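Engineer: Let me give you the structure first, and then I'll get to my questions.
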Amino acid sequence: MNEAQIKDIGSKFDLYPSPPEEARYSFTAQDLISVEGMRAFMDCYRPLMKALDDKAVAAYFGGWFSSVALAVQYTVSLYSNVPVINLSNLRIHLIPASGYCRVAFSLNSWVIEPAPADEQGRVTWRNKVFTEFYRNTASPLLRTMSAASGLILGEIWGQLPSKFNYYIEMLAAGNSNKEFLIHVQDDYSYLRKGLAAEVFQLPRNPFDVEVRKIESLADPEQRVHMRNRCCLYYRTEGGSVCYTCPRLKEEERATRRAEYRIQAASPQV
């Protein structure tokens, strides 16, 4: 993996080979697999993201952690290699930014694991990479976050599929390389259908969900992804239920669309 590829990963997924200079707090992932360590992280994160309770912290963390999981998916599909990400190597950083808190990630050592050159070897390697990442890195972190926050584990895992579905769709739409497109679809299919539920410590694989689309808030000709699970934005200061939230009833969504379009069409004073 060359320097341009490393920068690509950083710009897309906030995963870096060294800690961001603007980080206010930094934690090792290994320290966060104890409830005490996770609560220390939450105590720092809660006021920065203006959460009203710990469940909002947990949901937001699940959303941010999807960046690390997407980095694994992206590098496996696009580069046929992957940075080694484990609990002892991964660091998590809290970065205040314009009224909210960004969560970024870095690796203590940027070690690349390449795929075998032959296709069957690559498939076996991919299966191993995904299994080890979700079983040994993602699952312990999210399980401990669930225990520390009181938010059920499925709700935290449920933050990931919405971002994955959107990003995989964008990747496929923006690339004409046939081999890459095959890898994107096959790799995502394995993540959704091939990984056993026990890897995630859940009754079923959280990525194996229906992709639901709804009418865009602004444009009746456009369809947008509905979120898989509520992000709990309404449990932050000044927050509300999002337009794409599954909690929102369809009649409420229609009302929001109408109000938004009337306001958008009104002359600005």
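Ligands are numbered from 1 in the order shown, residues from 1 within each chain, and chains are lettered A, B, ... in the order they appear in the structure tokens.
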Tell me, as a PyMOL selection string, which residues lie within 9 Å of Ala172 (chain A), counting only C-alpha atoms; anything in the same chain fewer than 5 positions away does not count.
Structural biologist: chain A and resi 167+180-181+184-185
Engineer: Within 12 Å of Gln263 (chain A), counting only C-alpha atoms, which residues qualify if same-chain residues fewer than 6 places away don't, as a ChimeraX atom specification?
Structural biologist: /A:217-218,256-257,269
Engineer: Let me make sure I understand: among A:Trp157, A:Phe200, A:Tyr190, A:Phe13, which one has the smallest atom-to-atom distance to Leu70 (chain A) if we use only C-alpha atoms?
Structural biologist: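 Using only C-alpha atoms, Leu70 (chain A) sits closest to A:Phe13.
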Engineer: Residues at most 10 Å from region 117-130 of chain A, counting only C-alpha atoms, excluding those fewer than 5 positions away in the same chain, as a list in words?
Structural biologist: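 Contacts, with the query itself left out: Ala69, Val72, Gln73, Val76, Ser77, Ser80, Asn81, Val82, Val84, Ile85, Arg135, Asn136, His183, Asp186, Asp187, Tyr190, Leu191, Gly194, Leu195 and Val199 of chain A.
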Engineer: Keeping only C-alpha atoms, write those residues as a PDB file, in the first residue's frame.
Structural biologist:
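Okay, again-v8.pdb is ready:
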```
ATOM      1  CA  ALA A  69     -15.284  -1.341   9.158  1.00  0.00           C
ATOM      2  CA  VAL A  72     -11.548  -2.826   5.865  1.00  0.00           C
ATOM      3  CA  GLN A  73     -14.231  -3.435   3.227  1.00  0.00           C
ATOM      4  CA  VAL A  76     -10.040  -5.557   0.611  1.00  0.00           C
ATOM      5  CA  SER A  77     -12.177  -4.828  -2.462  1.00  0.00           C
ATOM      6  CA  SER A  80      -6.714  -6.602  -2.333  1.00  0.00           C
ATOM      7  CA  ASN A  81      -4.790  -5.861   0.852  1.00  0.00           C
ATOM      8  CA  VAL A  82      -5.731  -4.548   4.268  1.00  0.00           C
ATOM      9  CA  VAL A  84      -3.864  -5.009  10.172  1.00  0.00           C
ATOM     10  CA  ILE A  85      -6.448  -3.713  12.663  1.00  0.00           C
ATOM     11  CA  ARG A 135     -15.001 -11.342  15.867  1.00  0.00           C
ATOM     12  CA  ASN A 136     -11.815 -10.078  17.500  1.00  0.00           C
ATOM     13  CA  HIS A 183     -15.036  -7.743  -5.929  1.00  0.00           C
ATOM     14  CA  ASP A 186     -18.938 -10.414  -3.949  1.00  0.00           C
ATOM     15  CA  ASP A 187     -17.168  -9.086  -0.876  1.00  0.00           C
ATOM     16  CA  TYR A 190     -20.061 -12.415   1.839  1.00  0.00           C
ATOM     17  CA  LEU A 191     -20.216  -9.842   4.642  1.00  0.00           C
ATOM     18  CA  GLY A 194     -21.571 -15.457   4.551  1.00  0.00           C
ATOM     19  CA  LEU A 195     -20.432 -14.344   7.996  1.00  0.00           C
ATOM     20  CA  VAL A 199     -19.154 -13.580  14.877  1.00  0.00           C
TER      21      VAL A 199
END
```
Engineer: Rounded to one decimal in Å, what is the spacing between CA of Glu155 (chain A) and CA of Glu210 (chain A)?
Structural biologist: 15.6 Å
Engineer: Compile the contact shell of Ser109 (chain A) as number ranges by chain: residues with an atom at most 10 Å away, counting only C-alpha atoms, same-chain residues fewer than 5 positions apart removed.
Structural biologist: A: 16-18, 83-85, 88-90
Engineer: Mind dumping a table of every region 116-155 of chain A residue within 12 Å of region 219-240 of chain A, with the nearest atom pair and its distance in Å to one decimal, using only C-alpha atoms, sorted by chain and rising number, as CSV?
Structural biologist:
```
residue,atom,partner,partner_atom,distance
A:Leu151,CA,A:Leu232,CA,10.6
A:Ile152,CA,A:Arg229,CA,11.9
A:Leu153,CA,A:Arg229,CA,11.9
A:Gly154,CA,A:Arg229,CA,9.2
A:Glu155,CA,A:Arg229,CA,6.6
```
Engineer: With N, CA and C atoms kept, could you save the residues just selected as an mmCIF file, in the first residue's frame?
Structural biologist:
```cif
data_model
loop_
_atom_site.group_PDB
_atom_site.id
_atom_site.type_symbol
_atom_site.label_atom_id
_atom_site.label_comp_id
_atom_site.auth_asym_id
_atom_site.auth_seq_id
_atom_site.Cartn_x
_atom_site.Cartn_y
_atom_site.Cartn_z
ATOM 1 N N LEU A 151 -27.579 0.400 25.966
ATOM 2 C CA LEU A 151 -28.217 0.265 24.654
ATOM 3 C C LEU A 151 -27.996 -1.156 24.154
ATOM 4 N N ILE A 152 -29.060 -1.822 23.722
ATOM 5 C CA ILE A 152 -28.920 -3.217 23.321
ATOM 6 C C ILE A 152 -27.951 -3.337 22.146
ATOM 7 N N LEU A 153 -27.234 -4.445 22.105
ATOM 8 C CA LEU A 153 -26.149 -4.633 21.150
ATOM 9 C C LEU A 153 -26.627 -4.507 19.712
ATOM 10 N N GLY A 154 -27.794 -5.048 19.417
ATOM 11 C CA GLY A 154 -28.305 -4.982 18.052
ATOM 12 C C GLY A 154 -28.509 -3.569 17.555
ATOM 13 N N GLU A 155 -28.842 -2.636 18.462
ATOM 14 C CA GLU A 155 -29.027 -1.245 18.076
ATOM 15 C C GLU A 155 -27.695 -0.593 17.704
#
```
Engineer: Hey, which of A:Ile33, A:Cys44, A:Ala104, A:Ile92 ends up closest to Thr144 (chain A)? Count only C-alpha atoms.
Structural biologist: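 With only C-alpha atoms as the atom set, the closest residue is A:Ile33.
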Engineer: How many Å separate CA of Ala71 (chain A) from CA of Phe164 (chain A)?
Structural biologist: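 CA of Phe164 (chain A) lies 10.6 Å from CA of Ala71 (chain A).
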Engineer: Near Lys12 (chain A), counting only C-alpha atoms, which residues have an atom at most 10 Å away, once you skip same-chain residues fewer than 2 positions from it, shown as a list in words?
Structural biologist: Lys7, Asp8, Ile9, Gly10, Asp14, Leu15, Ser67, Leu70, Ala71 and Tyr74 of chain A
Engineer: Do a neighbour search on Arg39 (chain A) at 9 Å with only C-alpha atoms, toss out local chain neighbours closer than 6 positions, and write the hits as a list in words.
Structural biologist: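 Counting only C-alpha atoms, the residues come to Leu32, Met145, Ala148 and Ser149 of chain A.
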Engineer: For a test of reading the model, state the distance in Å between CA of Leu52 (chain A) and CA of Ala23 (chain A), rounded to one decimal.
Structural biologist: 22.7 Å
Engineer: Using only C-alpha atoms, which residues sit within 12 Å of Asp43 (chain A) once same-chain residues fewer than 5 positions away are excluded, as a PDB file with all heavy atoms, in the first residue's frame?
Structural biologist:
```pdb
ATOM      1  N   TYR A  25      -8.824  13.966  23.118  1.00  0.00           N
ATOM      2  CA  TYR A  25      -8.662  12.761  23.924  1.00  0.00           C
ATOM      3  C   TYR A  25      -8.323  11.595  22.999  1.00  0.00           C
ATOM      4  O   TYR A  25      -8.844  11.513  21.881  1.00  0.00           O
ATOM      5  CB  TYR A  25      -9.944  12.418  24.682  1.00  0.00           C
ATOM      6  CG  TYR A  25     -10.435  13.489  25.620  1.00  0.00           C
ATOM      7  CD1 TYR A  25     -11.542  14.278  25.284  1.00  0.00           C
ATOM      8  CD2 TYR A  25      -9.822  13.703  26.852  1.00  0.00           C
ATOM      9  CE1 TYR A  25     -12.012  15.258  26.147  1.00  0.00           C
ATOM     10  CE2 TYR A  25     -10.287  14.681  27.724  1.00  0.00           C
ATOM     11  CZ  TYR A  25     -11.376  15.462  27.361  1.00  0.00           C
ATOM     12  OH  TYR A  25     -11.838  16.430  28.214  1.00  0.00           O
ATOM     13  N   GLU A  36     -15.075  -0.403  32.647  1.00  0.00           N
ATOM     14  CA  GLU A  36     -14.523   0.797  33.283  1.00  0.00           C
ATOM     15  C   GLU A  36     -13.839   1.683  32.245  1.00  0.00           C
ATOM     16  O   GLU A  36     -13.991   2.914  32.252  1.00  0.00           O
ATOM     17  CB  GLU A  36     -13.530   0.399  34.381  1.00  0.00           C
ATOM     18  CG  GLU A  36     -14.139  -0.337  35.562  1.00  0.00           C
ATOM     19  CD  GLU A  36     -14.448  -1.812  35.271  1.00  0.00           C
ATOM     20  OE1 GLU A  36     -13.971  -2.316  34.220  1.00  0.00           O
ATOM     21  OE2 GLU A  36     -15.165  -2.434  36.065  1.00  0.00           O
ATOM     22  N   GLY A  37     -13.065   1.066  31.353  1.00  0.00           N
ATOM     23  CA  GLY A  37     -12.394   1.833  30.316  1.00  0.00           C
ATOM     24  C   GLY A  37     -13.375   2.482  29.359  1.00  0.00           C
ATOM     25  O   GLY A  37     -13.202   3.649  28.959  1.00  0.00           O
ATOM     26  N   MET A  38     -14.423   1.751  29.011  1.00  0.00           N
ATOM     27  CA  MET A  38     -15.426   2.303  28.105  1.00  0.00           C
ATOM     28  C   MET A  38     -16.175   3.459  28.765  1.00  0.00           C
ATOM     29  O   MET A  38     -16.489   4.463  28.104  1.00  0.00           O
ATOM     30  CB  MET A  38     -16.401   1.207  27.659  1.00  0.00           C
ATOM     31  CG  MET A  38     -17.391   1.664  26.593  1.00  0.00           C
ATOM     32  SD  MET A  38     -16.593   2.181  25.042  1.00  0.00           S
ATOM     33  CE  MET A  38     -16.296   0.583  24.269  1.00  0.00           C
ATOM     34  N   LEU A  48     -18.928  16.339  24.735  1.00  0.00           N
ATOM     35  CA  LEU A  48     -18.472  16.864  23.449  1.00  0.00           C
ATOM     36  C   LEU A  48     -19.532  16.696  22.361  1.00  0.00           C
ATOM     37  O   LEU A  48     -19.671  17.554  21.483  1.00  0.00           O
ATOM     38  CB  LEU A  48     -17.171  16.171  23.022  1.00  0.00           C
ATOM     39  CG  LEU A  48     -15.935  16.459  23.873  1.00  0.00           C
ATOM     40  CD1 LEU A  48     -14.739  15.660  23.354  1.00  0.00           C
ATOM     41  CD2 LEU A  48     -15.613  17.955  23.874  1.00  0.00           C
ATOM     42  N   MET A  49     -20.287  15.595  22.427  1.00  0.00           N
ATOM     43  CA  MET A  49     -21.343  15.380  21.429  1.00  0.00           C
ATOM     44  C   MET A  49     -22.700  15.863  21.926  1.00  0.00           C
ATOM     45  O   MET A  49     -23.701  15.740  21.235  1.00  0.00           O
ATOM     46  CB  MET A  49     -21.434  13.901  21.038  1.00  0.00           C
ATOM     47  CG  MET A  49     -21.807  12.960  22.176  1.00  0.00           C
ATOM     48  SD  MET A  49     -22.352  11.329  21.617  1.00  0.00           S
ATOM     49  CE  MET A  49     -24.039  11.674  21.102  1.00  0.00           C
ATOM     50  N   LYS A  50     -22.710  16.414  23.165  1.00  0.00           N
ATOM     51  CA  LYS A  50     -23.922  16.981  23.772  1.00  0.00           C
ATOM     52  C   LYS A  50     -25.035  15.938  23.902  1.00  0.00           C
ATOM     53  O   LYS A  50     -26.213  16.219  23.650  1.00  0.00           O
ATOM     54  CB  LYS A  50     -24.403  18.198  22.978  1.00  0.00           C
ATOM     55  CG  LYS A  50     -23.351  19.300  22.905  1.00  0.00           C
ATOM     56  CD  LYS A  50     -23.819  20.499  22.116  1.00  0.00           C
ATOM     57  CE  LYS A  50     -22.730  21.563  22.071  1.00  0.00           C
ATOM     58  NZ  LYS A  50     -23.136  22.757  21.291  1.00  0.00           N
ATOM     59  N   ALA A  51     -24.638  14.745  24.314  1.00  0.00           N
ATOM     60  CA  ALA A  51     -25.609  13.671  24.502  1.00  0.00           C
ATOM     61  C   ALA A  51     -26.399  13.881  25.784  1.00  0.00           C
ATOM     62  O   ALA A  51     -25.864  14.342  26.794  1.00  0.00           O
ATOM     63  CB  ALA A  51     -24.894  12.324  24.549  1.00  0.00           C
ATOM     64  N   LEU A  52     -27.674  13.515  25.743  1.00  0.00           N
ATOM     65  CA  LEU A  52     -28.527  13.607  26.927  1.00  0.00           C
ATOM     66  C   LEU A  52     -28.453  12.353  27.772  1.00  0.00           C
ATOM     67  O   LEU A  52     -28.861  12.368  28.933  1.00  0.00           O
ATOM     68  CB  LEU A  52     -29.977  13.869  26.501  1.00  0.00           C
ATOM     69  CG  LEU A  52     -30.206  15.167  25.720  1.00  0.00           C
ATOM     70  CD1 LEU A  52     -31.675  15.283  25.316  1.00  0.00           C
ATOM     71  CD2 LEU A  52     -29.764  16.378  26.526  1.00  0.00           C
ATOM     72  N   ASP A  53     -27.969  11.252  27.181  1.00  0.00           N
ATOM     73  CA  ASP A  53     -27.816  10.017  27.953  1.00  0.00           C
ATOM     74  C   ASP A  53     -26.789   9.121  27.277  1.00  0.00           C
ATOM     75  O   ASP A  53     -26.301   9.395  26.175  1.00  0.00           O
ATOM     76  CB  ASP A  53     -29.156   9.289  28.132  1.00  0.00           C
ATOM     77  CG  ASP A  53     -29.804   8.903  26.810  1.00  0.00           C
ATOM     78  OD1 ASP A  53     -29.091   8.605  25.850  1.00  0.00           O
ATOM     79  OD2 ASP A  53     -31.048   8.893  26.758  1.00  0.00           O
ATOM     80  N   ASP A  54     -26.452   8.022  27.969  1.00  0.00           N
ATOM     81  CA  ASP A  54     -25.409   7.133  27.475  1.00  0.00           C
ATOM     82  C   ASP A  54     -25.826   6.348  26.235  1.00  0.00           C
ATOM     83  O   ASP A  54     -24.967   5.933  25.443  1.00  0.00           O
ATOM     84  CB  ASP A  54     -24.995   6.157  28.581  1.00  0.00           C
ATOM     85  CG  ASP A  54     -24.213   6.836  29.693  1.00  0.00           C
ATOM     86  OD1 ASP A  54     -23.691   7.951  29.452  1.00  0.00           O
ATOM     87  OD2 ASP A  54     -24.120   6.262  30.796  1.00  0.00           O
ATOM     88  N   VAL A  57     -24.708   8.132  23.228  1.00  0.00           N
ATOM     89  CA  VAL A  57     -23.267   7.967  23.046  1.00  0.00           C
ATOM     90  C   VAL A  57     -22.983   6.649  22.324  1.00  0.00           C
ATOM     91  O   VAL A  57     -22.172   6.592  21.392  1.00  0.00           O
ATOM     92  CB  VAL A  57     -22.540   7.996  24.405  1.00  0.00           C
ATOM     93  CG1 VAL A  57     -21.051   7.736  24.229  1.00  0.00           C
ATOM     94  CG2 VAL A  57     -22.760   9.334  25.101  1.00  0.00           C
ATOM     95  N   ALA A  58     -23.657   5.594  22.749  1.00  0.00           N
ATOM     96  CA  ALA A  58     -23.425   4.274  22.160  1.00  0.00           C
ATOM     97  C   ALA A  58     -23.821   4.232  20.692  1.00  0.00           C
ATOM     98  O   ALA A  58     -23.101   3.685  19.849  1.00  0.00           O
ATOM     99  CB  ALA A  58     -24.204   3.219  22.947  1.00  0.00           C
ATOM    100  N   LEU A  94     -11.016  11.594  19.994  1.00  0.00           N
ATOM    101  CA  LEU A  94     -12.143  12.515  20.045  1.00  0.00           C
ATOM    102  C   LEU A  94     -11.656  13.905  19.635  1.00  0.00           C
ATOM    103  O   LEU A  94     -10.731  14.442  20.240  1.00  0.00           O
ATOM    104  CB  LEU A  94     -12.743  12.554  21.445  1.00  0.00           C
ATOM    105  CG  LEU A  94     -13.296  11.223  21.964  1.00  0.00           C
ATOM    106  CD1 LEU A  94     -13.804  11.377  23.397  1.00  0.00           C
ATOM    107  CD2 LEU A  94     -14.401  10.705  21.060  1.00  0.00           C
ATOM    108  N   ALA A 148     -21.812  -0.973  28.874  1.00  0.00           N
ATOM    109  CA  ALA A 148     -21.552   0.261  29.614  1.00  0.00           C
ATOM    110  C   ALA A 148     -22.678   1.278  29.460  1.00  0.00           C
ATOM    111  O   ALA A 148     -22.918   2.084  30.361  1.00  0.00           O
ATOM    112  CB  ALA A 148     -20.226   0.877  29.144  1.00  0.00           C
ATOM    113  N   SER A 149     -23.385   1.253  28.328  1.00  0.00           N
ATOM    114  CA  SER A 149     -24.379   2.283  28.030  1.00  0.00           C
ATOM    115  C   SER A 149     -25.814   1.866  28.305  1.00  0.00           C
ATOM    116  O   SER A 149     -26.688   2.709  28.501  1.00  0.00           O
ATOM    117  CB  SER A 149     -24.276   2.686  26.560  1.00  0.00           C
ATOM    118  OG  SER A 149     -24.689   1.612  25.722  1.00  0.00           O
TER     119      SER A 149
END
```
